[in-house]
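A.B. asks: I'd like to ask you about the structure that follows.
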Amino acid sequence: MADINAGAQAPQTTPPPVEHCSCGCGGNGKKLRDINIIEACKLFFMNYANFEGRATRAEFWWAYLMVFVVSLIPFVSFVWAIAVLIPSIAVGVRRLHDIEKSGWYYLLFLIPIVGFILMIVWFVKEGTKGANQYGEDPQYE
């Protein structure tokens with residue numbers, strides 16, 4: 001007796017896209033950047049007045065930790081605050097770009113308490129995966 005389905009082809013199934021593979025590339029073929037405090041400080045000063053592009057959470061928080069720790073040193077804090085004012089704003093704007101927010105939202109810091117809380121929530125939020133309107137994903141090289 002002949003099988004009725006003998007001539008029919010099996011449906012082709014495509015495997016689901018890989019989000020995270022074992023090589024650490026996130027499935028996009030690019031290497032995941034490991035930003036430590038030294039690299040974050042370098043990026044902070046190299047992008048001194050760069051308000052374009054994106055900044056990862058690690059880059060942002062390591063830079064702010066460095067700014068905070070150095071500002072605790074007596075007799076240096078005033079000069080330090082003036083020196084890092086522009087790059088601190090720039091890294092904040094780039095961090096907002098990473099979550100697809102305009103840099104103008106940085107002005108929310110001018111609203112007492114509510115603005116500060118909202119900015120902290122946005123700064124800890126994970127950035128957009130892949131490219132967005134502000135550039136490529138900074139987590140990958």
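Numbering starts fresh at 1 for the residues of each chain in the structure tokens, the chains themselves are lettered A, B, ... in the order given, and ligands are numbered from 1 as they appear.
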Show me, as a PDB file with N, CA and C atoms, in the first residue's frame, the residues that have an atom within 10 Å of Val84 of chain A when counting only C-alpha atoms, minus same-chain residues fewer than 3 positions from it.

C.D. replies:
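Now in around.pdb:
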ATOM      1  N   PHE A  44      34.932  59.422  28.934  1.00  0.00           N
ATOM      2  CA  PHE A  44      34.375  60.642  29.522  1.00  0.00           C
ATOM      3  C   PHE A  44      35.151  61.871  29.043  1.00  0.00           C
ATOM      4  N   PHE A  45      36.473  61.794  29.094  1.00  0.00           N
ATOM      5  CA  PHE A  45      37.289  62.938  28.702  1.00  0.00           C
ATOM      6  C   PHE A  45      37.517  63.021  27.191  1.00  0.00           C
ATOM      7  N   TYR A  48      34.614  64.935  25.543  1.00  0.00           N
ATOM      8  CA  TYR A  48      34.456  66.080  26.451  1.00  0.00           C
ATOM      9  C   TYR A  48      33.191  66.887  26.175  1.00  0.00           C
ATOM     10  N   VAL A  67      33.604  61.282  39.009  1.00  0.00           N
ATOM     11  CA  VAL A  67      33.348  62.699  39.287  1.00  0.00           C
ATOM     12  C   VAL A  67      33.034  62.893  40.766  1.00  0.00           C
ATOM     13  N   VAL A  79      37.420  73.590  41.477  1.00  0.00           N
ATOM     14  CA  VAL A  79      38.066  73.559  40.164  1.00  0.00           C
ATOM     15  C   VAL A  79      37.606  72.323  39.393  1.00  0.00           C
ATOM     16  N   TRP A  80      37.509  71.207  40.086  1.00  0.00           N
ATOM     17  CA  TRP A  80      37.058  69.955  39.475  1.00  0.00           C
ATOM     18  C   TRP A  80      35.632  70.096  38.952  1.00  0.00           C
ATOM     19  N   ALA A  81      34.756  70.700  39.741  1.00  0.00           N
ATOM     20  CA  ALA A  81      33.359  70.878  39.329  1.00  0.00           C
ATOM     21  C   ALA A  81      33.263  71.708  38.049  1.00  0.00           C
ATOM     22  N   PRO A  87      31.511  67.873  30.328  1.00  0.00           N
ATOM     23  CA  PRO A  87      31.484  66.438  30.017  1.00  0.00           C
ATOM     24  C   PRO A  87      30.429  65.672  30.827  1.00  0.00           C
ATOM     25  N   SER A  88      30.093  66.147  32.025  1.00  0.00           N
ATOM     26  CA  SER A  88      29.044  65.485  32.809  1.00  0.00           C
ATOM     27  C   SER A  88      27.688  65.627  32.125  1.00  0.00           C
ATOM     28  N   ILE A  89      27.417  66.806  31.610  1.00  0.00           N
ATOM     29  CA  ILE A  89      26.167  67.013  30.880  1.00  0.00           C
ATOM     30  C   ILE A  89      26.179  66.196  29.589  1.00  0.00           C
ATOM     31  N   ALA A  90      27.327  66.175  28.907  1.00  0.00           N
ATOM     32  CA  ALA A  90      27.433  65.444  27.630  1.00  0.00           C
ATOM     33  C   ALA A  90      27.186  63.957  27.809  1.00  0.00           C
TER      34      ALA A  90
END

A.B. asks: Could you give me, as number ranges by chain, the residues within 8 Å of Met119 of chain A, counting only C-alpha atoms and dropping anything in the same chain fewer than 4 positions from it?

C.D. replies: A: 106, 108-109, 115, 123

A.B. asks: Store the residues of this selection in a file with all heavy atoms, as an mmCIF file, in the first residue's frame.

C.D. replies:
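Result file follows (result_6.cif):
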data_model
loop_
_atom_site.group_PDB
_atom_site.id
_atom_site.type_symbol
_atom_site.label_atom_id
_atom_site.label_comp_id
_atom_site.auth_asym_id
_atom_site.auth_seq_id
_atom_site.Cartn_x
_atom_site.Cartn_y
_atom_site.Cartn_z
ATOM 1 N N TYR A 106 17.319 66.443 29.630
ATOM 2 C CA TYR A 106 18.284 66.681 30.715
ATOM 3 C C TYR A 106 17.879 67.907 31.538
ATOM 4 O O TYR A 106 18.213 68.010 32.716
ATOM 5 C CB TYR A 106 19.695 66.863 30.139
ATOM 6 C CG TYR A 106 20.785 66.665 31.156
ATOM 7 C CD1 TYR A 106 21.244 65.395 31.468
ATOM 8 C CD2 TYR A 106 21.366 67.746 31.809
ATOM 9 C CE1 TYR A 106 22.246 65.210 32.399
ATOM 10 C CE2 TYR A 106 22.372 67.575 32.744
ATOM 11 C CZ TYR A 106 22.801 66.300 33.037
ATOM 12 O OH TYR A 106 23.783 66.118 33.966
ATOM 13 N N LEU A 108 15.160 68.437 32.763
ATOM 14 C CA LEU A 108 14.243 68.035 33.834
ATOM 15 C C LEU A 108 14.918 68.092 35.201
ATOM 16 O O LEU A 108 14.237 68.134 36.229
ATOM 17 C CB LEU A 108 13.685 66.632 33.574
ATOM 18 C CG LEU A 108 12.680 66.525 32.428
ATOM 19 C CD1 LEU A 108 12.310 65.073 32.181
ATOM 20 C CD2 LEU A 108 11.446 67.350 32.729
ATOM 21 N N PHE A 109 16.251 68.096 35.208
ATOM 22 C CA PHE A 109 16.966 68.252 36.480
ATOM 23 C C PHE A 109 16.614 69.571 37.157
ATOM 24 O O PHE A 109 16.795 69.733 38.357
ATOM 25 C CB PHE A 109 18.487 68.182 36.284
ATOM 26 C CG PHE A 109 19.059 66.807 36.435
ATOM 27 C CD1 PHE A 109 19.846 66.266 35.439
ATOM 28 C CD2 PHE A 109 18.839 66.055 37.574
ATOM 29 C CE1 PHE A 109 20.393 65.002 35.582
ATOM 30 C CE2 PHE A 109 19.376 64.794 37.726
ATOM 31 C CZ PHE A 109 20.148 64.263 36.721
ATOM 32 N N GLY A 115 12.011 65.873 38.930
ATOM 33 C CA GLY A 115 12.941 65.798 37.813
ATOM 34 C C GLY A 115 14.126 64.900 38.135
ATOM 35 O O GLY A 115 14.551 64.090 37.305
ATOM 36 N N PHE A 123 18.208 56.909 33.795
ATOM 37 C CA PHE A 123 19.628 56.585 33.719
ATOM 38 C C PHE A 123 19.909 55.123 34.045
ATOM 39 O O PHE A 123 20.899 54.569 33.578
ATOM 40 C CB PHE A 123 20.457 57.499 34.613
ATOM 41 C CG PHE A 123 20.605 58.904 34.090
ATOM 42 C CD1 PHE A 123 20.814 59.954 34.964
ATOM 43 C CD2 PHE A 123 20.543 59.195 32.741
ATOM 44 C CE1 PHE A 123 20.975 61.256 34.506
ATOM 45 C CE2 PHE A 123 20.684 60.492 32.263
ATOM 46 C CZ PHE A 123 20.898 61.527 33.150
#

A.B. asks: Among segment 92-139 of chain A, which residues does DSSP mark as helix (DSSP H, G or I) when it is run on the backbone? Keep the chain and numbering as in the structure and answer as an mmCIF file with N, CA and C atoms, in the first residue's frame.

C.D. replies:
data_model
loop_
_atom_site.group_PDB
_atom_site.id
_atom_site.type_symbol
_atom_site.label_atom_id
_atom_site.label_comp_id
_atom_site.auth_asym_id
_atom_site.auth_seq_id
_atom_site.Cartn_x
_atom_site.Cartn_y
_atom_site.Cartn_z
ATOM 1 N N GLY A 92 25.493 62.562 30.164
ATOM 2 C CA GLY A 92 24.083 62.427 30.509
ATOM 3 C C GLY A 92 23.190 62.487 29.280
ATOM 4 N N VAL A 93 23.494 63.401 28.368
ATOM 5 C CA VAL A 93 22.728 63.515 27.129
ATOM 6 C C VAL A 93 22.895 62.252 26.289
ATOM 7 N N ARG A 94 24.136 61.758 26.182
ATOM 8 C CA ARG A 94 24.360 60.525 25.413
ATOM 9 C C ARG A 94 23.660 59.339 26.056
ATOM 10 N N ARG A 95 23.579 59.334 27.388
ATOM 11 C CA ARG A 95 22.848 58.261 28.082
ATOM 12 C C ARG A 95 21.356 58.334 27.756
ATOM 13 N N LEU A 96 20.795 59.535 27.704
ATOM 14 C CA LEU A 96 19.391 59.689 27.316
ATOM 15 C C LEU A 96 19.180 59.220 25.876
ATOM 16 N N HIS A 97 20.147 59.488 25.003
ATOM 17 C CA HIS A 97 20.050 59.021 23.626
ATOM 18 C C HIS A 97 19.994 57.499 23.566
ATOM 19 N N ASP A 98 20.672 56.820 24.486
ATOM 20 C CA ASP A 98 20.691 55.363 24.487
ATOM 21 C C ASP A 98 19.313 54.784 24.771
ATOM 22 N N GLY A 103 18.106 64.789 24.215
ATOM 23 C CA GLY A 103 18.993 65.360 25.218
ATOM 24 C C GLY A 103 18.369 66.525 25.971
ATOM 25 N N TRP A 104 17.352 67.134 25.379
ATOM 26 C CA TRP A 104 16.674 68.252 26.041
ATOM 27 C C TRP A 104 15.982 67.811 27.328
ATOM 28 N N TYR A 105 15.707 66.516 27.465
ATOM 29 C CA TYR A 105 15.115 66.016 28.706
ATOM 30 C C TYR A 105 16.052 66.208 29.896
ATOM 31 N N TYR A 106 17.319 66.443 29.630
ATOM 32 C CA TYR A 106 18.284 66.681 30.715
ATOM 33 C C TYR A 106 17.879 67.907 31.538
ATOM 34 N N LEU A 107 17.135 68.808 30.931
ATOM 35 C CA LEU A 107 16.664 70.001 31.645
ATOM 36 C C LEU A 107 15.659 69.671 32.737
ATOM 37 N N LEU A 108 15.160 68.437 32.763
ATOM 38 C CA LEU A 108 14.243 68.035 33.834
ATOM 39 C C LEU A 108 14.918 68.092 35.201
ATOM 40 N N PHE A 109 16.251 68.096 35.208
ATOM 41 C CA PHE A 109 16.966 68.252 36.480
ATOM 42 C C PHE A 109 16.614 69.571 37.157
ATOM 43 N N LEU A 110 16.100 70.526 36.396
ATOM 44 C CA LEU A 110 15.735 71.830 36.963
ATOM 45 C C LEU A 110 14.447 71.760 37.785
ATOM 46 N N VAL A 114 11.063 65.783 41.615
ATOM 47 C CA VAL A 114 10.439 64.974 40.566
ATOM 48 C C VAL A 114 11.385 64.797 39.377
ATOM 49 N N GLY A 115 12.011 65.873 38.930
ATOM 50 C CA GLY A 115 12.941 65.798 37.813
ATOM 51 C C GLY A 115 14.126 64.900 38.135
ATOM 52 N N PHE A 116 14.648 65.013 39.340
ATOM 53 C CA PHE A 116 15.783 64.197 39.762
ATOM 54 C C PHE A 116 15.408 62.714 39.776
ATOM 55 N N ILE A 117 14.255 62.398 40.338
ATOM 56 C CA ILE A 117 13.817 60.992 40.411
ATOM 57 C C ILE A 117 13.605 60.431 39.008
ATOM 58 N N LEU A 118 12.945 61.183 38.143
ATOM 59 C CA LEU A 118 12.703 60.725 36.779
ATOM 60 C C LEU A 118 14.012 60.479 36.035
ATOM 61 N N MET A 119 14.979 61.375 36.206
ATOM 62 C CA MET A 119 16.264 61.206 35.524
ATOM 63 C C MET A 119 17.001 59.967 36.028
ATOM 64 N N ILE A 120 16.971 59.718 37.332
ATOM 65 C CA ILE A 120 17.623 58.516 37.872
ATOM 66 C C ILE A 120 16.979 57.264 37.281
ATOM 67 N N VAL A 121 15.655 57.246 37.218
ATOM 68 C CA VAL A 121 14.956 56.089 36.642
ATOM 69 C C VAL A 121 15.391 55.881 35.194
ATOM 70 N N TRP A 122 15.472 56.944 34.418
ATOM 71 C CA TRP A 122 15.888 56.818 33.026
ATOM 72 C C TRP A 122 17.351 56.412 32.907
ATOM 73 N N PHE A 123 18.208 56.909 33.795
ATOM 74 C CA PHE A 123 19.628 56.585 33.719
ATOM 75 C C PHE A 123 19.909 55.123 34.045
ATOM 76 N N VAL A 124 19.066 54.475 34.847
ATOM 77 C CA VAL A 124 19.288 53.064 35.165
ATOM 78 C C VAL A 124 18.591 52.133 34.177
#

A.B. asks: Rank nothing, just name the residue among A:Val76, A:Ile37, A:Lys101, A:Glu52 nearest to Tyr64 of chain A, using only C-alpha atoms.

C.D. replies: A:Ile37

A.B. asks: Just want the 12 Å neighbourhood of Lys42 of chain A, counted on only C-alpha atoms, with same-chain residues fewer than 6 positions away dropped. Output as a count of residues only.

C.D. replies: 9

A.B. asks: What does the distance from atom CA of Gly127 of chain A to atom CA of Thr56 of chain A come to in Å, to one decimal?

C.D. replies: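 A separation of 7.0 Å between them.
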